[in-house]
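Next comes input-v7.cif, with mmCIF, C-alpha atoms and all ligand atoms.
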data_my_file
loop_
_atom_site.group_PDB
_atom_site.id
_atom_site.type_symbol
_atom_site.label_atom_id
_atom_site.label_comp_id
_atom_site.auth_asym_id
_atom_site.auth_seq_id
_atom_site.Cartn_x
_atom_site.Cartn_y
_atom_site.Cartn_z
ATOM 1 C CA MET M 1 -26.377 16.302 13.258
ATOM 2 C CA THR M 2 -24.069 16.522 10.290
ATOM 3 C CA VAL M 3 -20.403 15.875 10.572
ATOM 4 C CA GLU M 4 -18.326 16.813 7.576
ATOM 5 C CA ILE M 5 -16.350 13.871 6.319
ATOM 6 C CA ASN M 6 -12.715 14.699 5.891
ATOM 7 C CA SER M 7 -10.985 11.445 5.073
ATOM 8 C CA CYS M 8 -11.486 8.349 2.963
ATOM 9 C CA PRO M 9 -12.642 5.283 4.963
ATOM 10 C CA ASN M 10 -10.587 3.103 2.661
ATOM 11 C CA CYS M 11 -7.139 4.656 2.487
ATOM 12 C CA GLY M 12 -7.391 7.578 4.888
ATOM 13 C CA SER M 13 -6.552 10.156 2.247
ATOM 14 C CA GLU M 14 -7.918 13.618 2.825
ATOM 15 C CA LYS M 15 -8.114 14.229 -0.905
ATOM 16 C CA ILE M 16 -11.835 13.656 -1.190
ATOM 17 C CA SER M 17 -14.415 15.385 -3.317
ATOM 18 C CA ARG M 18 -18.139 15.687 -3.159
ATOM 19 C CA ASN M 19 -19.511 13.409 -5.817
ATOM 20 C CA GLY M 20 -23.196 14.184 -6.288
ATOM 21 C CA GLN M 21 -25.970 12.670 -4.237
ATOM 22 C CA THR M 22 -27.200 9.137 -3.878
ATOM 23 C CA ARG M 23 -30.745 8.398 -4.995
ATOM 24 C CA HIS M 24 -31.707 8.587 -1.341
ATOM 25 C CA GLY M 25 -30.508 12.172 -1.255
ATOM 26 C CA LYS M 26 -27.371 11.573 0.747
ATOM 27 C CA GLN M 27 -24.188 13.398 -0.081
ATOM 28 C CA ASN M 28 -21.850 11.072 -1.929
ATOM 29 C CA TYR M 29 -18.079 11.419 -1.744
ATOM 30 C CA LYS M 30 -15.233 10.100 -3.830
ATOM 31 C CA CYS M 31 -11.624 9.608 -2.845
ATOM 32 C CA ARG M 32 -9.252 11.142 -5.386
ATOM 33 C CA GLU M 33 -6.456 8.767 -4.393
ATOM 34 C CA CYS M 34 -8.005 5.303 -4.350
ATOM 35 C CA GLY M 35 -11.262 6.019 -6.173
ATOM 36 C CA ARG M 36 -13.487 4.689 -3.405
ATOM 37 C CA GLN M 37 -16.946 6.227 -3.299
ATOM 38 C CA PHE M 38 -18.719 6.514 0.007
ATOM 39 C CA VAL M 39 -21.444 8.215 1.952
ATOM 40 C CA GLN M 40 -21.361 9.282 5.532
ATOM 41 C CA ASN M 41 -22.267 6.440 7.815
ATOM 42 C CA PRO M 42 -22.731 7.272 11.483
ATOM 43 C CA ALA M 43 -22.016 3.657 12.478
ATOM 44 C CA TRP M 44 -18.710 3.700 10.697
ATOM 45 C CA LYS M 45 -15.769 4.402 12.920
ATOM 46 C CA PRO M 46 -12.864 5.792 10.952
ATOM 47 C CA ILE M 47 -9.395 4.571 11.724
ATOM 48 C CA THR M 48 -7.261 7.371 13.011
ATOM 49 C CA LYS M 49 -4.225 8.820 11.288
ATOM 50 C CA GLU M 50 -2.048 7.277 14.002
ATOM 51 C CA GLN M 51 -3.548 3.853 13.404
ATOM 52 C CA GLN M 52 -2.925 4.242 9.678
ATOM 53 C CA GLU M 53 0.709 5.161 10.218
ATOM 54 C CA LEU M 54 1.194 2.227 12.564
ATOM 55 C CA MET M 55 -0.494 -0.096 10.086
ATOM 56 C CA GLN M 56 1.777 1.107 7.321
ATOM 57 C CA ARG M 57 4.894 0.619 9.446
ATOM 58 C CA MET M 58 3.847 -2.825 10.608
ATOM 59 C CA LEU M 59 3.040 -3.902 7.061
ATOM 60 C CA LEU M 60 6.495 -2.838 5.918
ATOM 61 C CA GLU M 61 7.972 -4.902 8.749
ATOM 62 C CA ARG M 62 6.091 -7.946 7.435
ATOM 63 C CA ILE M 63 3.856 -8.266 10.460
ATOM 64 C CA SER M 64 0.840 -10.348 9.516
ATOM 65 C CA GLN M 65 -2.503 -8.704 8.911
ATOM 66 C CA ALA M 66 -4.006 -10.769 11.756
ATOM 67 C CA GLY M 67 -1.214 -9.585 14.037
ATOM 68 C CA ILE M 68 -1.771 -5.965 13.086
ATOM 69 C CA ALA M 69 -5.496 -6.309 13.747
ATOM 70 C CA ARG M 70 -4.762 -7.638 17.241
ATOM 71 C CA VAL M 71 -2.214 -4.928 18.060
ATOM 72 C CA LEU M 72 -4.469 -2.093 16.905
ATOM 73 C CA GLN M 73 -7.653 -3.748 18.161
ATOM 74 C CA VAL M 74 -9.394 -3.346 14.851
ATOM 75 C CA SER M 75 -11.011 -6.034 12.718
ATOM 76 C CA GLU M 76 -9.010 -7.990 10.164
ATOM 77 C CA ASP M 77 -11.467 -6.627 7.590
ATOM 78 C CA THR M 78 -10.323 -3.138 8.473
ATOM 79 C CA VAL M 79 -6.686 -4.096 7.939
ATOM 80 C CA GLN M 80 -7.498 -5.846 4.675
ATOM 81 C CA ARG M 81 -9.432 -2.825 3.398
ATOM 82 C CA TYR M 82 -6.497 -0.614 4.241
ATOM 83 C CA VAL M 83 -4.111 -2.968 2.429
ATOM 84 C CA ASN M 84 -6.345 -3.070 -0.634
ATOM 85 C CA ALA M 85 -6.536 0.695 -0.739
ATOM 86 C CA GLN M 86 -2.809 1.101 -0.172
ATOM 87 C CA ALA M 87 -2.124 -1.265 -3.035
ATOM 88 C CA LEU M 88 -3.952 1.105 -5.374
ATOM 89 C CA VAL M 89 -2.484 4.257 -3.906
ATOM 90 C CA ILE M 90 1.092 2.988 -3.838
ATOM 91 C CA GLU M 91 0.934 1.774 -7.399
ATOM 92 C CA LYS M 92 0.427 5.366 -8.553
ATOM 93 C CA GLN M 93 2.946 6.954 -6.232
ATOM 94 C CA VAL M 94 6.487 5.797 -6.257
ATOM 95 C CA GLU M 95 8.415 8.993 -5.845
ATOM 96 C CA VAL M 96 11.972 8.689 -4.777
ATOM 97 C CA SER M 97 14.031 11.518 -3.374
ATOM 98 C CA ALA M 98 17.306 12.280 -5.177
ATOM 99 C CA LYS M 99 20.125 9.962 -4.210
ATOM 100 C CA PRO M 100 23.869 10.382 -4.403
ATOM 101 C CA LYS M 101 25.585 7.722 -6.443
ATOM 102 C CA LYS M 102 26.786 5.423 -3.760
ATOM 103 C CA ARG M 103 26.070 1.927 -2.695
ATOM 104 C CA LEU M 104 22.342 1.618 -2.110
ATOM 105 C CA HIS M 105 20.787 -1.271 -0.310
ATOM 106 C CA VAL M 106 17.422 -2.481 -1.430
ATOM 107 C CA GLN M 107 15.181 -5.058 0.094
ATOM 108 C CA MET M 108 12.782 -6.670 -2.368
ATOM 109 C CA ASP M 109 9.855 -8.746 -1.255
ATOM 110 C CA GLU M 110 6.306 -9.625 -1.953
ATOM 111 C CA LEU M 111 4.726 -8.244 1.144
ATOM 112 C CA TRP M 112 0.973 -8.160 1.138
ATOM 113 C CA SER M 113 -1.645 -10.235 -0.517
ATOM 114 C CA PHE M 114 -5.108 -9.073 -1.337
ATOM 115 C CA VAL M 115 -7.985 -10.228 -3.459
ATOM 116 C CA ASP M 116 -8.724 -8.040 -6.444
ATOM 117 C CA ASN M 117 -12.210 -7.224 -7.677
ATOM 118 C CA LYS M 118 -12.179 -10.249 -9.978
ATOM 119 C CA GLY M 119 -11.529 -12.503 -7.007
ATOM 120 C CA ASN M 120 -7.897 -13.255 -7.845
ATOM 121 C CA GLU M 121 -5.257 -13.279 -5.173
ATOM 122 C CA GLN M 122 -2.682 -10.619 -5.940
ATOM 123 C CA TRP M 123 0.596 -9.733 -4.315
ATOM 124 C CA VAL M 124 1.960 -6.325 -3.598
ATOM 125 C CA TRP M 125 5.663 -6.414 -4.358
ATOM 126 C CA LEU M 126 7.755 -3.701 -2.815
ATOM 127 C CA ALA M 127 11.346 -2.664 -3.120
ATOM 128 C CA LEU M 128 12.424 -0.744 -0.025
ATOM 129 C CA ASP M 129 15.538 1.300 0.522
ATOM 130 C CA ALA M 130 17.012 -0.664 3.425
ATOM 131 C CA GLU M 131 18.322 2.450 5.166
ATOM 132 C CA THR M 132 15.528 4.971 4.736
ATOM 133 C CA ARG M 133 12.613 2.490 4.410
ATOM 134 C CA GLU M 134 11.510 4.506 1.410
ATOM 135 C CA ILE M 135 9.476 2.595 -1.140
ATOM 136 C CA VAL M 136 11.562 2.670 -4.310
ATOM 137 C CA GLY M 137 9.697 0.193 -6.464
ATOM 138 C CA VAL M 138 6.318 -1.445 -6.593
ATOM 139 C CA HIS M 139 4.522 -4.055 -8.616
ATOM 140 C CA ILE M 140 1.197 -5.799 -8.218
ATOM 141 C CA GLY M 141 0.847 -9.283 -9.637
ATOM 142 C CA ASP M 142 1.426 -12.969 -9.042
ATOM 143 C CA ARG M 143 4.403 -14.547 -7.305
ATOM 144 C CA SER M 144 6.345 -15.505 -10.413
ATOM 145 C CA ALA M 145 9.677 -14.398 -11.815
ATOM 146 C CA VAL M 146 7.763 -12.151 -14.220
ATOM 147 C CA SER M 147 6.644 -10.099 -11.233
ATOM 148 C CA THR M 148 10.181 -9.938 -9.906
ATOM 149 C CA GLN M 149 11.323 -8.535 -13.229
ATOM 150 C CA ALA M 150 8.481 -6.006 -13.198
ATOM 151 C CA LEU M 151 9.441 -4.921 -9.683
ATOM 152 C CA TRP M 152 13.045 -4.502 -10.783
ATOM 153 C CA ASN M 153 11.934 -2.462 -13.793
ATOM 154 C CA SER M 154 9.824 -0.192 -11.593
ATOM 155 C CA MET M 155 12.861 1.061 -9.680
ATOM 156 C CA PRO M 156 14.529 4.338 -10.673
ATOM 157 C CA PRO M 157 17.757 3.959 -12.704
ATOM 158 C CA VAL M 158 19.994 5.029 -9.826
ATOM 159 C CA TYR M 159 18.825 2.021 -7.860
ATOM 160 C CA ARG M 160 19.172 -0.348 -10.750
ATOM 161 C CA GLN M 161 22.761 0.780 -11.252
ATOM 162 C CA CYS M 162 23.994 1.024 -7.690
ATOM 163 C CA ALA M 163 21.871 -1.193 -5.530
ATOM 164 C CA VAL M 164 22.772 -4.306 -3.665
ATOM 165 C CA ILE M 165 19.606 -6.338 -3.492
ATOM 166 C CA TYR M 166 18.529 -8.331 -0.475
ATOM 167 C CA THR M 167 15.679 -10.770 -0.350
ATOM 168 C CA ASP M 168 14.364 -12.987 2.368
ATOM 169 C CA HIS M 169 14.084 -16.137 0.401
ATOM 170 C CA TRP M 170 13.540 -17.079 -3.048
ATOM 171 C CA SER M 171 14.348 -18.577 -6.267
ATOM 172 C CA ALA M 172 12.411 -16.177 -8.485
ATOM 173 C CA TYR M 173 15.097 -13.595 -7.847
ATOM 174 C CA ASP M 174 17.924 -15.813 -8.953
ATOM 175 C CA SER M 175 16.493 -16.181 -12.408
ATOM 176 C CA VAL M 176 15.974 -12.441 -12.846
ATOM 177 C CA LEU M 177 18.831 -10.666 -11.147
HETATM 178 ZN ZN ZN M 201 -9.162 6.529 -0.589
#

What is this structure when it is put down as structure tokens?
Amino acid sequence: MTVEINSCPNCGSEKISRNGQTRHGKQNYKCRECGRQFVQNPAWKPITKEQQELMQRMLLERISQAGIARVLQVSEDTVQRYVNAQALVIEKQVEVSAKPKKRLHVQMDELWSFVDNKGNEQWVWLALDAETREIVGVHIGDRSAVSTQALWNSMPPVYRQCAVIYTDHWSAYDSVL
């Protein structure tokens, strides 16, 4: 029985391409969003679109990865893989809809940690529009003031001019903003 794969096991994107065959003759696939290569694995249970959306929303609400795993009844590995993939996808994709020039409220935080392929712990920094929950800035790096500056720089000019910035905690912001 062959089931056509239609989404990436890593990030859930449906932008996948056939990518040759493995040396065992299996069809290989590659995700065009996160770059993950994979073959069909009957034992692998994909997370559903609904689960992905819930994961995304819970991550943006700062719910812990362990908490998300318990709520969705998936493994923490599954959540971590999703976070890792999202980190890559988000980095390429900050697109902000046009905004009128008015007071904008932005929440800046380092939200998710993950371990990169060199084994270093990295942080996904996000700037969120506090009203729309739109991601308006992103940076991946350490937890220093340098990262705060990079996050600030990643925001579109309209936000840098008009935004009131909120943070949860945090001295790194004071030195930058
Ligand atoms: Zn992917």

Residues of chain M at most 9 Å from ligand ZN 201 (chain M): nearest atom pair and distance in Å, all atoms listed in the file, as a Markdown table:
| residue | atom | partner | partner_atom | distance |
| --- | --- | --- | --- | --- |
| M:Ser7 | CA | M:ZN201 | ZN | 7.7 |
| M:Cys8 | CA | M:ZN201 | ZN | 4.6 |
| M:Pro9 | CA | M:ZN201 | ZN | 6.7 |
| M:Asn10 | CA | M:ZN201 | ZN | 4.9 |
| M:Cys11 | CA | M:ZN201 | ZN | 4.1 |
| M:Gly12 | CA | M:ZN201 | ZN | 5.9 |
| M:Ser13 | CA | M:ZN201 | ZN | 5.3 |
| M:Glu14 | CA | M:ZN201 | ZN | 8.0 |
| M:Lys15 | CA | M:ZN201 | ZN | 7.8 |
| M:Ile16 | CA | M:ZN201 | ZN | 7.6 |
| M:Lys30 | CA | M:ZN201 | ZN | 7.8 |
| M:Cys31 | CA | M:ZN201 | ZN | 4.5 |
| M:Arg32 | CA | M:ZN201 | ZN | 6.7 |
| M:Glu33 | CA | M:ZN201 | ZN | 5.2 |
| M:Cys34 | CA | M:ZN201 | ZN | 4.1 |
| M:Gly35 | CA | M:ZN201 | ZN | 6.0 |
| M:Arg36 | CA | M:ZN201 | ZN | 5.5 |
| M:Gln37 | CA | M:ZN201 | ZN | 8.2 |
| M:Ala85 | CA | M:ZN201 | ZN | 6.4 |
| M:Gln86 | CA | M:ZN201 | ZN | 8.4 |
| M:Leu88 | CA | M:ZN201 | ZN | 8.9 |
| M:Val89 | CA | M:ZN201 | ZN | 7.8 |

Quick one: what's the axis-aligned box for segment 23-36 of chain M, all listed atoms, 4 Å on every side, centre and edges in Å to one decimal, as JSON?
{"center_x": -19.1, "center_y": 9.0, "center_z": -2.7, "size_x": 33.3, "size_y": 16.7, "size_z": 14.9}

Need the neighbours of (-2.7, -1.1, -4.4): which residues are at most 12 Å away, counting only C-alpha atoms, as a VMD selection string? chain M and resid 10 to 11 33 to 35 80 to 94 111 to 117 122 to 126 138 to 141

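Relative to atom CA of Glu121 of chain M, atom CA of Asp142 of chain M is found at 7.7 Å.
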
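For the atom pair formed by atom CA of His105 of chain M and atom CA of Tyr159 of chain M, the distance is 8.5 Å, given to one decimal.
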